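Note sheet for the following structure.
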Amino acid sequence: MGLYRAVVQPLFFALPPEGAHHLANRLLGLPLPWERIGGARADPALEVTLAGIRLANPVGLAAGFDKTCAHLDALGRLGFGYAVGGTITRAPRAGNPKPRIVRHRVRGSMVNAMGLPNPGAEVAARTLARTPHVGPRFASIADEALEDALATHAVLEPHVDAIELNASCPNVSWGRDRDNEAHLRGLLRELGARRTKPLFVKLPPFRAQVEREVVLALARIAVEGGADGLVCSNTRPVADAGLAVGTGGLSGRALFDDTVRIVSEVRAELGAAVPISACGGVFTAEDVLACLRAGATTVQVYTGLVYRGPRVLRELTSGLADALGRTATGLGSSAAE
Ligand SMILES: Cc1cc2nc3c(=O)[nH]c(=O)nc-3n(C[C@H](O)[C@H](O)[C@H](O)COP(=O)(O)O)c2cc1C
């Protein structure tokens, strides 16, 4: 058992989830040897191009871990192929009342109802401007009003390599009390005239047929509207009595089977051209491989980092490089761009 699992993880898990999250973010602010701590394998076979952005490996950090965009440099040095900061909104948000994260350790899952706490776009942009840009970094954005989304995008885009539009958060009203399709179409039209960098759209998960139709319609609108890629998916809405607000988004292992299914269904619907990032329950190199086989170009990880610690990067990249070595293939040529 490594040092992290023997010593560090028990300390983190002795804290309430949000306390552990704050501690992790404080540690990321220290000048520690992050490359060695993550231990990601550097191997040309792992390199992949995502919407024109060259990545050292296909393992990204999902949105929500670095909500202030203060530690994307340390997270890049840890070995993520790219790291998504935020979600950021135009105005600062305090988020929902606490407790707003519950761990379900046996299931390798969590439920959160953070409600997008963040410092607001101007502050996040200043943070990004003074943070070393060590590896590919994206900003996740989500505003309910069109003009706010355009303003957030304009303020953040100069400081990142791409923007991820969060069209899927279960903890804010985006998507529940409006005409989603018209909103996404209008937003992409306006952004199309302004943006200079790749734009990804993060979609909600689906299980029931009616949800499937809604999400596939959003996926088609995203691609027709010029999005450079999709992220499938976000957390699944569930009730949880441990949360102050009573409902939140389920993340982690419990999502994995759905992630593979959703990626392959979206891939089948849209054809090979649009890159898809698989997100939800990725914990092992076999998981990454399953997502790539289902049609993903990259994966994104959040809960796997919480439960497996920073060495998850070594496990994912080494396991993937070994598997590719056995089949004598690289990712760069096989992945859709
Ligand atoms: C505590 C927490 C906060 C999150 N915050 C965000 C967020 O701000 N924006 C977003 O797009 N996704 C957010 N997510 C969702 C993750 O990005 C990811 O889509 C989801 O957790 C599934 O991946 P995982 O199973 O690897 O965690 C959050 C997840 C957790 C656990």
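Following the order of the structure tokens, chains are lettered A, B, ..., residues in each are numbered from 1, and ligands are numbered from 1.
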
In segment 7-125 of chain A, what's alpha helix (DSSP H) per DSSP? Answer as a VMD selection string?
-> chain A and resid 9 to 14 17 to 28 34 to 38 72 to 78 121 to 125

Counting only C-alpha atoms, which residues of segment 136-246 of chain A fall within 8 Å of segment 257-276 of chain A, and what is the closest atom pair for each with its distance in Å at one decimal, ordered by chain and rising number, as CSV?
```
residue,atom,partner,partner_atom,distance
A:Pro205,CA,A:Ile262,CA,7.2
A:Phe206,CA,A:Ile262,CA,7.3
A:Arg207,CA,A:Asp258,CA,7.7
A:Leu216,CA,A:Val266,CA,6.8
A:Ala219,CA,A:Val266,CA,7.6
A:Arg220,CA,A:Leu270,CA,7.2
A:Val223,CA,A:Val274,CA,7.5
A:Asp228,CA,A:Val274,CA,6.7
A:Gly229,CA,A:Pro275,CA,4.8
A:Leu230,CA,A:Ile276,CA,4.8
A:Val231,CA,A:Ile276,CA,5.7
A:Cys232,CA,A:Val263,CA,6.3
A:Ser233,CA,A:Thr259,CA,6.8
```

Could you take the residues named above and write them with N, CA and C atoms, as a PDB file, in the first residue's frame?
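again_7.pdb was written with the following content:
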```
ATOM      1  N   PRO A 205     -26.454  13.267 -17.904  1.00  0.00           N
ATOM      2  CA  PRO A 205     -26.594  11.841 -18.210  1.00  0.00           C
ATOM      3  C   PRO A 205     -28.038  11.512 -18.582  1.00  0.00           C
ATOM      4  N   PHE A 206     -28.253  10.323 -19.142  1.00  0.00           N
ATOM      5  CA  PHE A 206     -29.628   9.889 -19.404  1.00  0.00           C
ATOM      6  C   PHE A 206     -29.760   8.404 -19.157  1.00  0.00           C
ATOM      7  N   ARG A 207     -30.962   8.025 -18.716  1.00  0.00           N
ATOM      8  CA  ARG A 207     -31.295   6.600 -18.530  1.00  0.00           C
ATOM      9  C   ARG A 207     -32.606   6.309 -19.252  1.00  0.00           C
ATOM     10  N   LEU A 216     -29.857  13.694 -26.413  1.00  0.00           N
ATOM     11  CA  LEU A 216     -29.359  13.560 -27.790  1.00  0.00           C
ATOM     12  C   LEU A 216     -29.729  14.782 -28.626  1.00  0.00           C
ATOM     13  N   ALA A 219     -27.192  17.291 -27.751  1.00  0.00           N
ATOM     14  CA  ALA A 219     -25.908  16.938 -28.381  1.00  0.00           C
ATOM     15  C   ALA A 219     -25.902  17.367 -29.847  1.00  0.00           C
ATOM     16  N   ARG A 220     -27.017  17.122 -30.543  1.00  0.00           N
ATOM     17  CA  ARG A 220     -27.081  17.513 -31.962  1.00  0.00           C
ATOM     18  C   ARG A 220     -27.009  19.028 -32.110  1.00  0.00           C
ATOM     19  N   VAL A 223     -23.434  20.238 -31.638  1.00  0.00           N
ATOM     20  CA  VAL A 223     -22.552  20.005 -32.788  1.00  0.00           C
ATOM     21  C   VAL A 223     -22.943  20.922 -33.955  1.00  0.00           C
ATOM     22  N   ASP A 228     -16.881  22.171 -30.343  1.00  0.00           N
ATOM     23  CA  ASP A 228     -15.730  21.370 -30.779  1.00  0.00           C
ATOM     24  C   ASP A 228     -15.681  20.010 -30.099  1.00  0.00           C
ATOM     25  N   GLY A 229     -16.577  19.769 -29.174  1.00  0.00           N
ATOM     26  CA  GLY A 229     -16.591  18.478 -28.512  1.00  0.00           C
ATOM     27  C   GLY A 229     -17.646  18.450 -27.420  1.00  0.00           C
ATOM     28  N   LEU A 230     -17.898  17.252 -26.904  1.00  0.00           N
ATOM     29  CA  LEU A 230     -18.915  17.057 -25.863  1.00  0.00           C
ATOM     30  C   LEU A 230     -18.276  16.375 -24.671  1.00  0.00           C
ATOM     31  N   VAL A 231     -18.827  16.625 -23.500  1.00  0.00           N
ATOM     32  CA  VAL A 231     -18.436  15.886 -22.301  1.00  0.00           C
ATOM     33  C   VAL A 231     -19.657  15.114 -21.846  1.00  0.00           C
ATOM     34  N   CYS A 232     -19.491  13.781 -21.719  1.00  0.00           N
ATOM     35  CA  CYS A 232     -20.603  12.910 -21.328  1.00  0.00           C
ATOM     36  C   CYS A 232     -20.175  12.088 -20.115  1.00  0.00           C
ATOM     37  N   SER A 233     -20.681  12.382 -18.963  1.00  0.00           N
ATOM     38  CA  SER A 233     -21.755  13.303 -18.624  1.00  0.00           C
ATOM     39  C   SER A 233     -21.396  13.986 -17.311  1.00  0.00           C
TER      40      SER A 233
END
```

All strand (DSSP E or B) positions in segment 90-248 of chain A, as a compact mmCIF listing (two decimals) with C-alpha atoms, in the first residue's frame:
```txt
# COMPACT_ATOMS: atom_id res chain seq x y z
CA ARG A 93 -21.86 32.60 -5.77
CA ILE A 101 -21.15 16.78 -0.01
CA VAL A 102 -21.80 13.25 1.29
CA ARG A 103 -19.38 10.34 0.82
CA HIS A 104 -20.58 6.80 0.13
CA SER A 109 -19.29 7.43 -4.81
CA MET A 110 -20.29 10.85 -3.49
CA VAL A 111 -23.38 13.01 -3.69
CA ASN A 112 -22.91 16.76 -3.91
CA ASN A 118 -17.24 30.27 -7.11
CA ARG A 137 -6.25 24.25 -18.92
CA PHE A 138 -9.93 24.80 -19.58
CA ALA A 139 -12.54 26.86 -17.74
CA SER A 140 -16.03 25.55 -17.11
CA ILE A 141 -18.73 28.23 -17.28
CA ALA A 162 -10.67 26.08 -24.14
CA ILE A 163 -14.04 26.72 -22.53
CA GLU A 164 -16.38 23.98 -21.29
CA LEU A 165 -20.00 25.02 -21.19
CA ASN A 166 -21.71 23.31 -18.28
CA LEU A 199 -15.69 25.19 -26.93
CA PHE A 200 -16.95 21.97 -25.34
CA VAL A 201 -20.47 21.30 -24.09
CA LYS A 202 -20.98 19.14 -20.99
CA LEU A 203 -24.22 17.23 -21.23
CA GLY A 229 -16.59 18.48 -28.51
CA LEU A 230 -18.92 17.06 -25.86
CA VAL A 231 -18.44 15.89 -22.30
CA CYS A 232 -20.60 12.91 -21.33
CA ARG A 236 -26.93 11.85 -11.79
CA PRO A 237 -29.63 13.61 -9.71
CA VAL A 238 -30.53 11.65 -6.53
CA ALA A 239 -32.14 12.23 -3.13
CA THR A 247 -31.04 16.21 -3.30
CA GLY A 248 -27.80 16.40 -5.26
```

Could you give me, as an NGL selection string, the residues within 7 Å of Pro310 of chain A, counting only C-alpha atoms and dropping anything in the same chain fewer than 5 positions from it?
-> :A and (37-38 or 305)

Which residues of chain A sit at most 7 Å from ligand 1, using only C-alpha atoms and all ligand atoms? Give each one's shortest atom pair and distance in Å (one decimal place), in chain and ascending residue order, as JSON lines.
```
{"residue": "A:Ala62", "atom": "CA", "partner": "ligand 1", "partner_atom_place_in_ligand_line": "17 (O)", "distance": 4.2}
{"residue": "A:Ala63", "atom": "CA", "partner": "ligand 1", "partner_atom_place_in_ligand_line": "17 (O)", "distance": 4.0}
{"residue": "A:Gly64", "atom": "CA", "partner": "ligand 1", "partner_atom_place_in_ligand_line": "5 (N)", "distance": 3.3}
{"residue": "A:Phe65", "atom": "CA", "partner": "ligand 1", "partner_atom_place_in_ligand_line": "3 (C)", "distance": 6.2}
{"residue": "A:Lys67", "atom": "CA", "partner": "ligand 1", "partner_atom_place_in_ligand_line": "8 (O)", "distance": 6.3}
{"residue": "A:Gly86", "atom": "CA", "partner": "ligand 1", "partner_atom_place_in_ligand_line": "8 (O)", "distance": 5.5}
{"residue": "A:Thr87", "atom": "CA", "partner": "ligand 1", "partner_atom_place_in_ligand_line": "8 (O)", "distance": 4.0}
{"residue": "A:Ile101", "atom": "CA", "partner": "ligand 1", "partner_atom_place_in_ligand_line": "1 (C)", "distance": 6.1}
{"residue": "A:Met110", "atom": "CA", "partner": "ligand 1", "partner_atom_place_in_ligand_line": "31 (C)", "distance": 6.0}
{"residue": "A:Val111", "atom": "CA", "partner": "ligand 1", "partner_atom_place_in_ligand_line": "31 (C)", "distance": 6.5}
{"residue": "A:Asn112", "atom": "CA", "partner": "ligand 1", "partner_atom_place_in_ligand_line": "1 (C)", "distance": 5.2}
{"residue": "A:Met114", "atom": "CA", "partner": "ligand 1", "partner_atom_place_in_ligand_line": "3 (C)", "distance": 6.2}
{"residue": "A:Leu116", "atom": "CA", "partner": "ligand 1", "partner_atom_place_in_ligand_line": "8 (O)", "distance": 5.1}
{"residue": "A:Ser140", "atom": "CA", "partner": "ligand 1", "partner_atom_place_in_ligand_line": "11 (O)", "distance": 6.4}
{"residue": "A:Asn166", "atom": "CA", "partner": "ligand 1", "partner_atom_place_in_ligand_line": "11 (O)", "distance": 5.1}
{"residue": "A:Ser168", "atom": "CA", "partner": "ligand 1", "partner_atom_place_in_ligand_line": "11 (O)", "distance": 7.0}
{"residue": "A:Cys169", "atom": "CA", "partner": "ligand 1", "partner_atom_place_in_ligand_line": "11 (O)", "distance": 6.1}
{"residue": "A:Lys202", "atom": "CA", "partner": "ligand 1", "partner_atom_place_in_ligand_line": "11 (O)", "distance": 6.9}
{"residue": "A:Ser233", "atom": "CA", "partner": "ligand 1", "partner_atom_place_in_ligand_line": "19 (O)", "distance": 5.9}
{"residue": "A:Asn234", "atom": "CA", "partner": "ligand 1", "partner_atom_place_in_ligand_line": "19 (O)", "distance": 3.7}
{"residue": "A:Thr235", "atom": "CA", "partner": "ligand 1", "partner_atom_place_in_ligand_line": "20 (C)", "distance": 4.8}
{"residue": "A:Ser251", "atom": "CA", "partner": "ligand 1", "partner_atom_place_in_ligand_line": "25 (O)", "distance": 4.1}
{"residue": "A:Gly252", "atom": "CA", "partner": "ligand 1", "partner_atom_place_in_ligand_line": "25 (O)", "distance": 3.3}
{"residue": "A:Arg253", "atom": "CA", "partner": "ligand 1", "partner_atom_place_in_ligand_line": "25 (O)", "distance": 6.3}
{"residue": "A:Leu255", "atom": "CA", "partner": "ligand 1", "partner_atom_place_in_ligand_line": "25 (O)", "distance": 6.3}
{"residue": "A:Cys279", "atom": "CA", "partner": "ligand 1", "partner_atom_place_in_ligand_line": "23 (O)", "distance": 5.0}
{"residue": "A:Gly280", "atom": "CA", "partner": "ligand 1", "partner_atom_place_in_ligand_line": "25 (O)", "distance": 3.5}
{"residue": "A:Gly281", "atom": "CA", "partner": "ligand 1", "partner_atom_place_in_ligand_line": "25 (O)", "distance": 3.6}
{"residue": "A:Val282", "atom": "CA", "partner": "ligand 1", "partner_atom_place_in_ligand_line": "26 (O)", "distance": 5.5}
{"residue": "A:Gln300", "atom": "CA", "partner": "ligand 1", "partner_atom_place_in_ligand_line": "26 (O)", "distance": 6.3}
{"residue": "A:Val301", "atom": "CA", "partner": "ligand 1", "partner_atom_place_in_ligand_line": "26 (O)", "distance": 3.9}
{"residue": "A:Tyr302", "atom": "CA", "partner": "ligand 1", "partner_atom_place_in_ligand_line": "26 (O)", "distance": 3.8}
{"residue": "A:Thr303", "atom": "CA", "partner": "ligand 1", "partner_atom_place_in_ligand_line": "27 (O)", "distance": 3.7}
{"residue": "A:Gly304", "atom": "CA", "partner": "ligand 1", "partner_atom_place_in_ligand_line": "26 (O)", "distance": 5.6}
```
